[in-house]
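Engineer: Just coords-v2.txt, nothing more (compact mmCIF, C-alpha atoms and all ligand atoms):
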# COMPACT_ATOMS: atom_id res chain seq x y z
CA MET A 1 79.59 115.05 124.41
CA ARG A 2 77.88 116.96 127.17
CA GLN A 3 75.98 114.62 129.43
CA SER A 4 73.40 117.35 130.00
CA GLN A 5 72.54 117.05 126.28
CA LEU A 6 72.46 113.25 126.13
CA PHE A 7 68.83 112.18 125.90
CA THR A 8 69.40 108.85 127.62
CA ARG A 9 69.41 108.67 131.40
CA THR A 10 70.70 106.01 133.73
CA GLN A 11 68.08 103.96 135.52
CA LYS A 12 68.04 102.40 138.97
CA ASN A 13 66.31 99.27 137.74
CA ALA A 14 66.16 97.18 134.61
CA PRO A 15 62.76 95.85 133.39
CA ALA A 16 61.49 93.14 135.74
CA ASP A 17 61.44 90.53 132.97
CA GLU A 18 65.09 91.08 132.06
CA VAL A 19 67.11 88.30 133.66
CA ALA A 20 70.44 88.58 131.79
CA MET A 21 73.10 90.62 133.53
CA ASN A 22 74.52 92.04 130.28
CA ALA A 23 71.13 93.44 129.25
CA GLN A 24 70.26 94.62 132.76
CA LEU A 25 73.44 96.70 132.94
CA LEU A 26 73.25 97.95 129.36
CA ILE A 27 69.62 99.02 129.86
CA ARG A 28 70.32 100.68 133.21
CA ALA A 29 73.29 102.57 131.74
CA GLY A 30 71.15 103.74 128.78
CA PHE A 31 73.08 101.83 126.09
CA ILE A 32 70.19 99.71 124.79
CA HIS A 33 66.41 99.75 124.84
CA LYS A 34 64.43 96.55 125.12
CA GLU A 35 61.70 96.32 122.49
CA MET A 36 60.73 92.77 123.46
CA ALA A 37 62.44 89.53 124.45
CA GLY A 38 65.52 89.07 122.27
CA VAL A 39 65.02 92.37 120.42
CA TYR A 40 67.04 95.39 121.49
CA ALA A 41 67.53 98.87 120.04
CA TYR A 42 70.84 100.69 120.37
CA MET A 43 70.89 104.10 122.01
CA PRO A 44 73.73 106.60 121.33
CA MET A 45 76.38 105.15 123.66
CA GLY A 46 75.41 101.56 122.84
CA LEU A 47 75.69 102.31 119.16
CA ARG A 48 79.16 103.77 119.68
CA VAL A 49 80.29 100.52 121.30
CA LEU A 50 78.69 98.42 118.56
CA GLU A 51 80.33 100.57 115.87
CA ASN A 52 83.72 100.18 117.59
CA ILE A 53 83.34 96.39 117.54
CA LYS A 54 82.26 96.52 113.87
CA LYS A 55 85.33 98.60 113.07
CA ILE A 56 87.66 95.97 114.57
CA VAL A 57 85.86 93.14 112.74
CA ARG A 58 85.87 95.11 109.48
CA GLU A 59 89.59 95.94 109.73
CA GLU A 60 90.47 92.28 110.27
CA MET A 61 88.20 91.04 107.47
CA ASN A 62 89.58 93.67 105.08
CA GLY A 63 93.05 92.61 106.25
CA VAL A 64 92.53 89.11 104.83
CA GLY A 65 91.16 90.46 101.57
CA GLY A 66 87.44 90.40 102.36
CA GLN A 67 85.26 92.61 100.15
CA GLU A 68 82.33 94.13 101.99
CA VAL A 69 78.80 93.87 100.62
CA MET A 70 75.32 94.24 102.00
CA MET A 71 72.83 91.56 101.05
CA THR A 72 69.08 91.88 101.49
CA THR A 73 66.90 90.81 104.38
CA LEU A 74 64.04 89.72 102.09
CA GLN A 75 65.00 86.55 100.23
CA PRO A 76 63.26 84.69 97.37
CA LYS A 77 62.11 81.15 98.12
CA GLU A 78 63.36 79.71 94.80
CA ILE A 79 67.07 79.87 95.59
CA TRP A 80 66.53 78.05 98.89
CA GLU A 81 64.58 75.33 97.13
CA LYS A 82 67.59 74.59 94.95
CA THR A 83 69.57 73.54 98.04
CA ASP A 84 66.55 71.84 99.66
CA ARG A 85 66.72 74.17 102.62
CA TRP A 86 63.38 76.00 102.26
CA ASP A 87 61.44 73.12 103.80
CA ASP A 88 64.31 71.62 105.78
CA ALA A 89 62.90 70.61 109.16
CA LYS A 90 66.29 71.29 110.77
CA VAL A 91 65.99 74.99 109.93
CA ASP A 92 63.24 75.54 112.48
CA ASN A 93 63.94 79.14 113.48
CA TRP A 94 63.15 80.92 110.23
CA PHE A 95 60.90 83.96 110.02
CA LYS A 96 59.02 83.75 106.74
CA THR A 97 56.62 86.23 105.24
CA LYS A 98 54.47 86.79 102.12
CA LEU A 99 54.01 89.43 99.47
CA VAL A 100 50.51 90.82 98.96
CA ASN A 101 50.07 88.43 96.04
CA GLY A 102 50.90 85.45 98.22
CA THR A 103 54.51 84.88 97.07
CA GLU A 104 56.50 83.44 99.96
CA LEU A 105 59.71 85.11 101.15
CA GLY A 106 62.37 84.29 103.70
CA VAL A 107 63.61 86.85 106.23
CA GLY A 108 67.41 86.65 106.31
CA LEU A 109 68.79 84.22 108.88
CA THR A 110 71.92 83.35 106.89
CA HIS A 111 73.07 84.13 103.34
CA GLU A 112 74.84 81.24 101.60
CA GLU A 113 72.24 80.88 98.84
CA PRO A 114 71.74 84.60 98.11
CA ILE A 115 75.52 85.19 98.07
CA VAL A 116 76.16 82.35 95.62
CA ASP A 117 73.27 83.55 93.48
CA ALA A 118 74.59 87.14 93.42
CA ILE A 119 78.20 86.29 92.64
CA SER A 120 77.23 83.87 89.88
CA ASN A 121 76.72 86.98 87.75
CA TYR A 122 80.43 87.74 87.97
CA LEU A 123 82.37 84.54 88.59
CA SER A 124 83.29 82.22 85.75
CA SER A 125 87.04 81.80 85.32
CA TYR A 126 89.85 80.31 87.42
CA LYS A 127 91.38 83.79 87.27
CA ASP A 128 88.56 85.12 89.46
CA MET A 129 89.56 83.11 92.55
CA PRO A 130 90.25 82.85 95.42
CA PHE A 131 88.15 85.65 96.79
CA SER A 132 85.94 86.42 99.75
CA VAL A 133 82.95 88.60 100.51
CA TYR A 134 81.47 89.57 103.84
CA GLN A 135 78.78 91.70 105.37
CA ILE A 136 77.88 93.01 108.80
CA GLN A 137 74.12 92.91 108.95
CA ASN A 138 71.13 92.15 111.11
CA LYS A 139 69.98 88.54 111.08
CA PHE A 140 66.56 87.33 112.17
CA ARG A 141 66.01 84.02 113.93
CA ASN A 142 62.91 82.82 115.67
CA GLU A 143 64.84 81.56 118.70
CA LYS A 144 62.86 79.46 121.15
CA ARG A 145 64.44 81.02 124.19
CA ALA A 146 65.70 84.57 124.24
CA LYS A 147 66.56 85.19 127.87
CA SER A 148 70.27 85.95 127.57
CA GLY A 149 70.11 89.59 126.54
CA LEU A 150 72.47 90.38 123.67
CA LEU A 151 73.85 86.85 123.81
CA ARG A 152 70.79 85.46 122.06
CA GLY A 153 68.70 87.83 120.01
CA ARG A 154 65.80 87.21 117.67
CA GLU A 155 67.21 90.15 115.71
CA PHE A 156 70.98 90.46 116.07
CA LEU A 157 74.07 91.71 114.30
CA MET A 158 76.30 89.16 112.59
CA LYS A 159 79.37 89.37 110.41
CA ASP A 160 79.19 86.62 107.81
CA MET A 161 81.94 85.93 105.30
CA TYR A 162 82.03 83.54 102.36
CA THR A 163 85.11 82.30 100.50
CA PHE A 164 85.34 80.87 97.00
CA SER A 165 88.33 78.75 96.04
CA ARG A 166 89.47 76.70 93.05
CA ASN A 167 90.36 73.58 94.98
CA GLN A 168 90.53 72.10 98.45
CA ARG A 169 94.16 73.12 99.03
CA GLU A 170 93.44 76.72 98.19
CA HIS A 171 90.34 76.61 100.39
CA GLU A 172 92.35 75.33 103.37
CA GLN A 173 94.77 78.26 103.01
CA GLU A 174 91.95 80.81 102.89
CA TYR A 175 90.27 79.12 105.83
CA GLU A 176 93.33 79.22 108.09
CA LYS A 177 94.01 82.86 107.15
CA ILE A 178 90.51 83.74 108.33
CA VAL A 179 90.81 81.69 111.52
CA ALA A 180 93.96 83.70 112.32
CA ALA A 181 92.01 86.92 111.71
CA TYR A 182 89.31 85.65 114.09
CA HIS A 183 91.90 85.23 116.84
CA ARG A 184 93.06 88.81 116.22
CA VAL A 185 89.47 90.07 116.58
CA TYR A 186 89.05 88.33 119.96
CA ASP A 187 92.50 89.52 121.10
CA ARG A 188 91.61 93.12 120.29
CA LEU A 189 88.39 92.80 122.29
CA GLY A 190 90.36 91.57 125.30
CA LEU A 191 88.88 88.06 125.00
CA GLY A 192 91.84 86.30 123.38
CA GLU A 193 93.03 84.46 126.49
CA ILE A 194 89.64 82.92 127.20
CA THR A 195 88.47 82.20 123.66
CA TYR A 196 89.20 78.73 122.28
CA ARG A 197 89.08 77.27 118.81
CA THR A 198 86.66 74.43 119.40
CA TYR A 199 85.93 71.43 117.20
CA ALA A 200 82.20 71.18 116.61
CA ASP A 201 79.58 69.64 114.38
CA GLY A 202 80.20 70.40 110.73
CA GLY A 203 76.58 70.98 109.80
CA ILE A 204 74.37 69.12 107.38
CA PHE A 205 76.57 69.12 104.32
CA THR A 206 79.99 67.91 105.39
CA PRO A 207 81.44 65.07 107.42
CA ARG A 208 84.20 67.44 108.56
CA PHE A 209 84.16 69.35 111.81
CA SER A 210 83.45 73.03 111.94
CA ASP A 211 85.41 75.37 114.20
CA GLU A 212 83.53 77.24 116.85
CA PHE A 213 85.16 80.02 118.79
CA GLN A 214 84.04 79.62 122.37
CA THR A 215 84.58 82.25 125.06
CA LEU A 216 84.70 80.70 128.52
CA THR A 217 81.95 81.94 130.83
CA GLU A 218 79.53 80.41 133.29
CA VAL A 219 76.62 82.04 131.43
CA GLY A 220 77.52 80.17 128.24
CA GLU A 221 74.99 77.66 126.88
CA ASP A 222 77.58 75.29 125.44
CA THR A 223 79.58 72.64 127.25
CA ILE A 224 83.08 72.22 125.89
CA TYR A 225 86.18 70.29 126.88
CA VAL A 226 89.32 72.39 126.85
CA ASP A 227 92.85 71.12 126.34
CA GLU A 228 94.68 74.03 127.95
CA LYS A 229 98.13 72.94 126.77
CA LYS A 230 97.13 72.68 123.12
CA ARG A 231 94.79 75.70 123.45
CA VAL A 232 91.98 73.88 121.63
CA ALA A 233 88.64 72.52 122.75
CA ILE A 234 85.98 70.09 121.63
CA ASN A 235 82.22 70.67 121.86
CA GLU A 236 80.36 68.14 123.98
CA GLU A 237 78.03 67.59 121.00
CA ILE A 238 80.74 65.68 119.15
CA LEU A 239 82.63 64.21 122.10
CA SER A 240 83.33 60.54 121.42
CA ASP A 241 86.36 58.27 121.63
CA GLU A 242 86.40 58.03 117.86
CA ASN A 243 86.41 61.81 117.38
CA LEU A 244 89.03 62.39 120.08
CA GLU A 245 91.30 59.94 118.33
CA LYS A 246 90.66 61.57 114.95
CA LEU A 247 91.65 64.94 116.43
CA GLY A 248 94.68 63.64 118.30
CA LEU A 249 93.20 64.65 121.67
CA LYS A 250 93.06 62.71 124.94
CA LYS A 251 90.11 62.55 127.32
CA GLU A 252 92.35 63.00 130.38
CA ASP A 253 93.70 66.33 128.98
CA LEU A 254 90.29 67.83 128.72
CA VAL A 255 88.75 70.03 131.32
CA GLN A 256 85.01 70.61 131.17
CA LYS A 257 83.94 74.29 130.83
CA LYS A 258 80.97 76.42 129.85
CA GLY A 259 81.36 78.58 126.75
CA VAL A 260 79.47 81.03 124.59
CA GLU A 261 79.93 80.68 120.83
CA VAL A 262 81.29 84.00 119.53
CA GLY A 263 82.15 82.71 116.06
CA ASN A 264 81.79 79.68 113.81
CA THR A 265 83.61 78.74 110.61
CA PHE A 266 82.52 76.01 108.20
CA HIS A 267 83.88 73.98 105.31
CA LEU A 268 81.07 73.87 102.76
CA GLU A 269 82.87 71.94 100.01
CA SER A 270 80.96 72.53 96.75
CA LYS A 271 77.48 71.70 98.01
CA TYR A 272 75.99 75.19 97.60
CA THR A 273 77.81 76.15 94.44
CA ASP A 274 76.96 72.84 92.73
CA ALA A 275 73.32 73.07 93.82
CA LEU A 276 73.02 76.60 92.47
CA ASP A 277 74.81 75.58 89.28
CA LEU A 278 77.88 77.77 89.74
CA TYR A 279 81.09 76.31 88.28
CA TYR A 280 84.28 77.71 86.79
CA ASN A 281 86.46 76.89 83.83
CA ASP A 282 90.02 75.91 84.67
CA GLU A 283 93.21 76.65 82.65
CA ASN A 284 92.24 73.91 80.19
CA GLY A 285 88.72 75.20 79.77
CA GLU A 286 87.31 72.34 81.82
CA LYS A 287 84.32 72.80 84.09
CA GLN A 288 85.19 72.51 87.82
CA SER A 289 83.41 72.77 91.12
CA ILE A 290 83.93 75.79 93.37
CA ILE A 291 84.91 75.16 97.02
CA MET A 292 83.24 77.39 99.60
CA GLY A 293 83.76 78.27 103.22
CA CYS A 294 81.55 80.36 105.46
CA TYR A 295 82.51 82.26 108.56
CA GLY A 296 80.29 83.96 111.16
CA ILE A 297 81.02 86.27 114.07
CA GLY A 298 78.33 87.30 116.54
CA VAL A 299 78.95 91.06 116.64
CA SER A 300 76.13 92.06 119.00
CA ARG A 301 76.68 88.86 121.02
CA LEU A 302 80.30 89.99 121.52
CA MET A 303 79.07 93.29 122.93
CA GLY A 304 76.98 91.31 125.41
CA VAL A 305 79.90 89.03 126.26
CA VAL A 306 82.23 91.96 126.98
CA ALA A 307 79.52 93.72 129.02
CA GLU A 308 78.82 90.56 131.00
CA LEU A 309 82.39 89.39 131.60
CA PHE A 310 84.16 92.59 132.51
CA ALA A 311 81.42 94.13 134.70
CA ASP A 312 81.78 94.45 138.45
CA GLU A 313 79.21 95.10 141.18
CA LYS A 314 79.11 98.82 140.29
CA GLY A 315 78.48 98.49 136.59
CA LEU A 316 80.04 98.15 133.15
CA VAL A 317 83.81 98.17 132.54
CA TRP A 318 84.69 98.80 128.88
CA PRO A 319 88.05 97.91 127.36
CA GLU A 320 89.77 101.01 125.90
CA ASN A 321 89.34 100.16 122.23
CA ILE A 322 85.58 99.68 122.23
CA ALA A 323 84.53 102.11 124.98
CA PRO A 324 81.89 104.68 123.96
CA TYR A 325 84.25 107.46 125.11
CA SER A 326 87.86 107.37 126.36
CA VAL A 327 87.39 109.77 129.22
CA HIS A 328 84.53 110.58 131.58
CA LEU A 329 85.08 114.11 132.90
CA LEU A 330 83.11 114.95 136.04
CA ASN A 331 82.58 118.54 137.05
CA LEU A 332 82.00 118.84 140.78
CA GLY A 333 81.06 122.50 141.10
CA GLN A 334 84.06 123.99 139.26
CA ASP A 335 82.34 125.19 136.09
CA GLU A 336 85.02 127.45 134.71
CA GLU A 337 87.95 125.07 135.16
CA ALA A 338 85.95 122.03 134.03
CA GLU A 339 84.80 123.78 130.83
CA LYS A 340 88.39 124.72 130.06
CA ILE A 341 89.62 121.16 130.61
CA TYR A 342 86.78 119.79 128.44
CA ASN A 343 87.83 122.11 125.64
CA ASP A 344 91.52 121.26 126.06
CA LEU A 345 90.81 117.53 125.84
CA THR A 346 88.39 117.65 122.91
CA SER A 347 90.65 120.00 120.95
CA LYS A 348 93.34 117.30 121.25
CA GLY A 349 90.91 114.82 119.65
CA ILE A 350 90.16 112.94 122.87
CA GLU A 351 86.62 111.54 123.05
CA VAL A 352 85.13 112.86 126.25
CA LEU A 353 81.80 112.42 127.97
CA PHE A 354 81.52 115.55 130.08
CA ASP A 355 79.25 115.32 133.11
CA ASP A 356 78.21 118.96 133.23
CA ARG A 357 74.83 118.19 134.80
CA GLU A 358 73.49 119.73 137.94
CA ALA A 359 73.65 116.64 140.08
CA SER A 360 75.24 115.54 143.33
CA ALA A 361 78.78 114.19 143.44
CA GLY A 362 77.40 110.84 144.63
CA GLU A 363 75.07 110.60 141.65
CA LYS A 364 77.85 111.50 139.22
CA PHE A 365 80.24 108.91 140.67
CA ALA A 366 77.58 106.19 140.64
CA ASP A 367 76.60 106.96 137.04
CA SER A 368 80.22 107.00 135.98
CA ASP A 369 80.79 103.56 137.49
CA LEU A 370 77.61 102.23 135.85
CA ILE A 371 78.51 103.59 132.38
CA GLY A 372 82.05 102.20 132.63
CA ILE A 373 84.21 104.58 130.58
CA PRO A 374 87.85 103.46 131.06
CA THR A 375 89.23 106.70 132.57
CA ARG A 376 87.46 109.00 135.01
CA LEU A 377 88.64 112.59 135.55
CA VAL A 378 87.25 114.62 138.41
CA VAL A 379 87.52 118.39 138.68
CA SER A 380 86.65 119.47 142.22
CA LYS A 381 87.68 122.09 144.72
CA LYS A 382 89.78 119.41 146.40
CA SER A 383 91.53 118.29 143.21
CA LEU A 384 92.31 121.88 142.20
CA ALA A 385 93.71 122.61 145.66
CA ALA A 386 95.94 119.55 145.25
CA GLY A 387 97.18 120.93 141.94
CA GLY A 388 94.99 119.53 139.19
CA ILE A 389 92.48 116.82 138.29
CA GLU A 390 91.87 113.45 139.87
CA VAL A 391 92.46 110.51 137.51
CA LYS A 392 91.11 107.02 138.11
CA LYS A 393 90.86 104.00 135.86
CA ARG A 394 87.47 102.29 135.95
CA SER A 395 89.19 98.95 136.46
CA GLU A 396 91.33 100.16 139.38
CA SER A 397 90.57 101.65 142.76
CA GLU A 398 93.59 103.94 143.20
CA SER A 399 93.37 107.52 141.98
CA SER A 400 96.02 110.22 141.58
CA ILE A 401 96.22 113.97 141.00
CA VAL A 402 97.79 115.21 137.77
CA THR A 403 97.82 118.45 135.82
CA VAL A 404 95.98 118.59 132.51
CA ASN A 405 99.28 118.63 130.66
CA GLU A 406 100.53 115.60 132.54
CA PHE A 407 97.29 113.80 131.71
CA LEU A 408 97.57 114.74 128.03
CA ALA A 409 101.15 113.42 128.00
CA GLN A 410 99.97 110.15 129.61
CA ILE A 411 97.06 109.55 127.28
CA GLY A 412 98.80 110.84 124.15
P1 LIG A 501 73.93 79.14 118.47
O1 LIG A 501 74.44 77.72 118.50
O2 LIG A 501 74.46 79.98 119.60
O3 LIG A 501 72.45 79.23 118.30
P2 LIG A 501 74.47 79.15 115.70
O4 LIG A 501 75.48 78.06 115.65
O5 LIG A 501 73.09 78.88 115.29
O6 LIG A 501 74.50 79.81 117.17
P3 LIG A 501 75.73 80.50 113.48
O7 LIG A 501 74.74 80.24 112.42
O8 LIG A 501 77.00 79.73 113.52
O9 LIG A 501 75.01 80.42 114.90
O10 LIG A 501 76.00 82.08 113.50
C1 LIG A 501 77.29 82.69 113.54
C2 LIG A 501 77.49 83.45 114.84
O11 LIG A 501 76.43 84.37 115.09
C3 LIG A 501 77.50 82.55 116.05
O12 LIG A 501 78.78 82.01 116.25
C4 LIG A 501 77.09 83.50 117.15
O13 LIG A 501 78.24 84.20 117.65
C5 LIG A 501 76.18 84.47 116.47
N1 LIG A 501 74.77 84.18 116.76
C6 LIG A 501 74.04 83.12 116.32
N2 LIG A 501 72.78 83.17 116.75
C7 LIG A 501 72.71 84.29 117.51
C8 LIG A 501 71.63 84.91 118.24
N3 LIG A 501 70.42 84.37 118.27
N4 LIG A 501 71.90 86.08 118.88
C9 LIG A 501 73.13 86.64 118.84
N5 LIG A 501 74.17 86.10 118.17
C10 LIG A 501 73.96 84.94 117.52
MG MG A 502 77.28 78.14 115.07
Show this structure as structure tokens.

Structural biologist:
Amino acid sequence: MRQSQLFTRTQKNAPADEVAMNAQLLIRAGFIHKEMAGVYAYMPMGLRVLENIKKIVREEMNGVGGQEVMMTTLQPKEIWEKTDRWDDAKVDNWFKTKLVNGTELGVGLTHEEPIVDAISNYLSSYKDMPFSVYQIQNKFRNEKRAKSGLLRGREFLMKDMYTFSRNQREHEQEYEKIVAAYHRVYDRLGLGEITYRTYADGGIFTPRFSDEFQTLTEVGEDTIYVDEKKRVAINEEILSDENLEKLGLKKEDLVQKKGVEVGNTFHLESKYTDALDLYYNDENGEKQSIIMGCYGIGVSRLMGVVAELFADEKGLVWPENIAPYSVHLLNLGQDEEAEKIYNDLTSKGIEVLFDDREASAGEKFADSDLIGIPTRLVVSKKSLAAGGIEVKKRSESESSIVTVNEFLAQIG
């Protein structure tokens, strides 16, 4: 991609009302556009990052047998009445709307009821299970506060998965398989070391705990207690002597930290399936309840977390596997050589952002640091005199001179 053709520009300042560092940097670098508090649009480079995160999530969900679907944003009231959630006072962040004829509709904030309703057309026998479906889709929540940039949106991208099992034992196996896939997702995003499986409130339908996945950061809204040896944590919300004992944890092993919830997995038992009248027939033809689990990952929140956590005072610092481009090639007045190098790299399938603009070296360096592509290549009179191109990693300060072929061998 030629930077001269890219319609987005970097900006010196973020909007005055934007207080979150992740959004400030992403706006200044031209990755996102703020529509209003908690509502952001993705510009070309922002979308590339988001798509890279989706790809990782999708690969891991497919890897545990998830089948991808796309449910609707508009939802009929009737199915939510069956589970008594339409008027549930605890669900206080729901956008609702009406058809012209007055019929009430919900705007998708989660999808347990619609998923169960849809699959009830297909599921009837013990032979059909276990199975899981997931989607990666925008969710809408009327959040009270939306001051954390991509960390808390009123419209945001979530991956939600739902499992259907024949009995509790089978459900537990599915559940742990998915938890393992969650850890792989966070590992691949470079967050594995600082993301903890955290015992949390199980929600309205089950006495069991749910598992939150909490990434440690001072900007997190949640307070958790981490047992570093066991690599688990407990959310302050459920911290009590009784619960610690139940979980085999000790107060003195827990260190208090701030975390942001990047995922949450729940045991739903058969509350939704029973309420929506979905059962199966076992080997003996007897009617049985279906055990469900549900599993969310905050996809756009993860983009905000990575932006926020890895940034330095100069700008964004993307990990290799979700960066918008692998290489940022800067032409400092050496048009012919730079064009040739751009062609060499792209013909090898390397994704390059090529700064071919007429701008000062200082401006190009500053923009490159702000945008945060992992590898910067500079073609200048000086680098050519020294025998090639200057290579520098965004996360390091040392640079070196290599030939194009040496660079291709390194990156290949
Ligand atoms: P929170 O406690 O942060 O409000 P939640 O528990 O209501 O989140 P879930 O219903 O568990 O959220 O949603 C699954 C995942 O979606 C969360 O773990 C989180 O990563 C993400 N998520 C939830 N709400 C938002 C939001 N407003 N903006 C961005 N991501 C969100
Ligand atoms: Mg949650």

Engineer: Let me make sure I understand: among A:Pro319, A:Gly38, A:Gly46, A:Pro15, which one has the smallest atom-to-atom distance to A:Arg141 if we use only C-alpha atoms?

Structural biologist: A:Gly38

Engineer: Near stretch 334-339 of chain A, within 9 Å and counting only C-alpha atoms, which residues show up once chain neighbours fewer than 4 positions away are dropped, as a list in words?

Structural biologist: Leu329, Leu330, Asn343, Asp344, Phe354, Asp356, Val378, Val379, Ser380, Lys381 and Leu384 of chain A

Engineer: Given a cut-off of 12 Å, what residues near ligand MG 502 (chain A) show up using only C-alpha atoms and all ligand atoms, put as a short mmCIF file (atom, residue, chain, number, x, y, z; two decimals) with C-alpha atoms, in the coordinates of the input?

Structural biologist:
data_model
loop_
_atom_site.label_atom_id
_atom_site.label_comp_id
_atom_site.auth_asym_id
_atom_site.auth_seq_id
_atom_site.Cartn_x
_atom_site.Cartn_y
_atom_site.Cartn_z
CA THR A 110 71.92 83.35 106.89
CA MET A 158 76.30 89.16 112.59
CA ASP A 160 79.19 86.62 107.81
CA THR A 198 86.66 74.43 119.40
CA TYR A 199 85.93 71.43 117.20
CA ALA A 200 82.20 71.18 116.61
CA ASP A 201 79.58 69.64 114.38
CA GLY A 202 80.20 70.40 110.73
CA GLY A 203 76.58 70.98 109.80
CA PHE A 209 84.16 69.35 111.81
CA SER A 210 83.45 73.03 111.94
CA ASP A 211 85.41 75.37 114.20
CA GLU A 212 83.53 77.24 116.85
CA PHE A 213 85.16 80.02 118.79
CA GLN A 214 84.04 79.62 122.37
CA ASP A 222 77.58 75.29 125.44
CA ASN A 235 82.22 70.67 121.86
CA VAL A 260 79.47 81.03 124.59
CA GLU A 261 79.93 80.68 120.83
CA VAL A 262 81.29 84.00 119.53
CA GLY A 263 82.15 82.71 116.06
CA ASN A 264 81.79 79.68 113.81
CA THR A 265 83.61 78.74 110.61
CA PHE A 266 82.52 76.01 108.20
CA CYS A 294 81.55 80.36 105.46
CA TYR A 295 82.51 82.26 108.56
CA GLY A 296 80.29 83.96 111.16
CA ILE A 297 81.02 86.27 114.07
CA GLY A 298 78.33 87.30 116.54
#

Engineer: Find the distance between atom CA of A:Arg301 and atom CA of A:Leu189 and write it in Å to one decimal.

Structural biologist: 12.4 Å

Engineer: Counting all atoms listed in the file, which residues sit no farther than 9 Å from the position (77.4, 66.9, 121.7) in the file's frame? I'd like them as a PyMOL selection string.

Structural biologist: chain A and resi 200-201+223-224+235-240
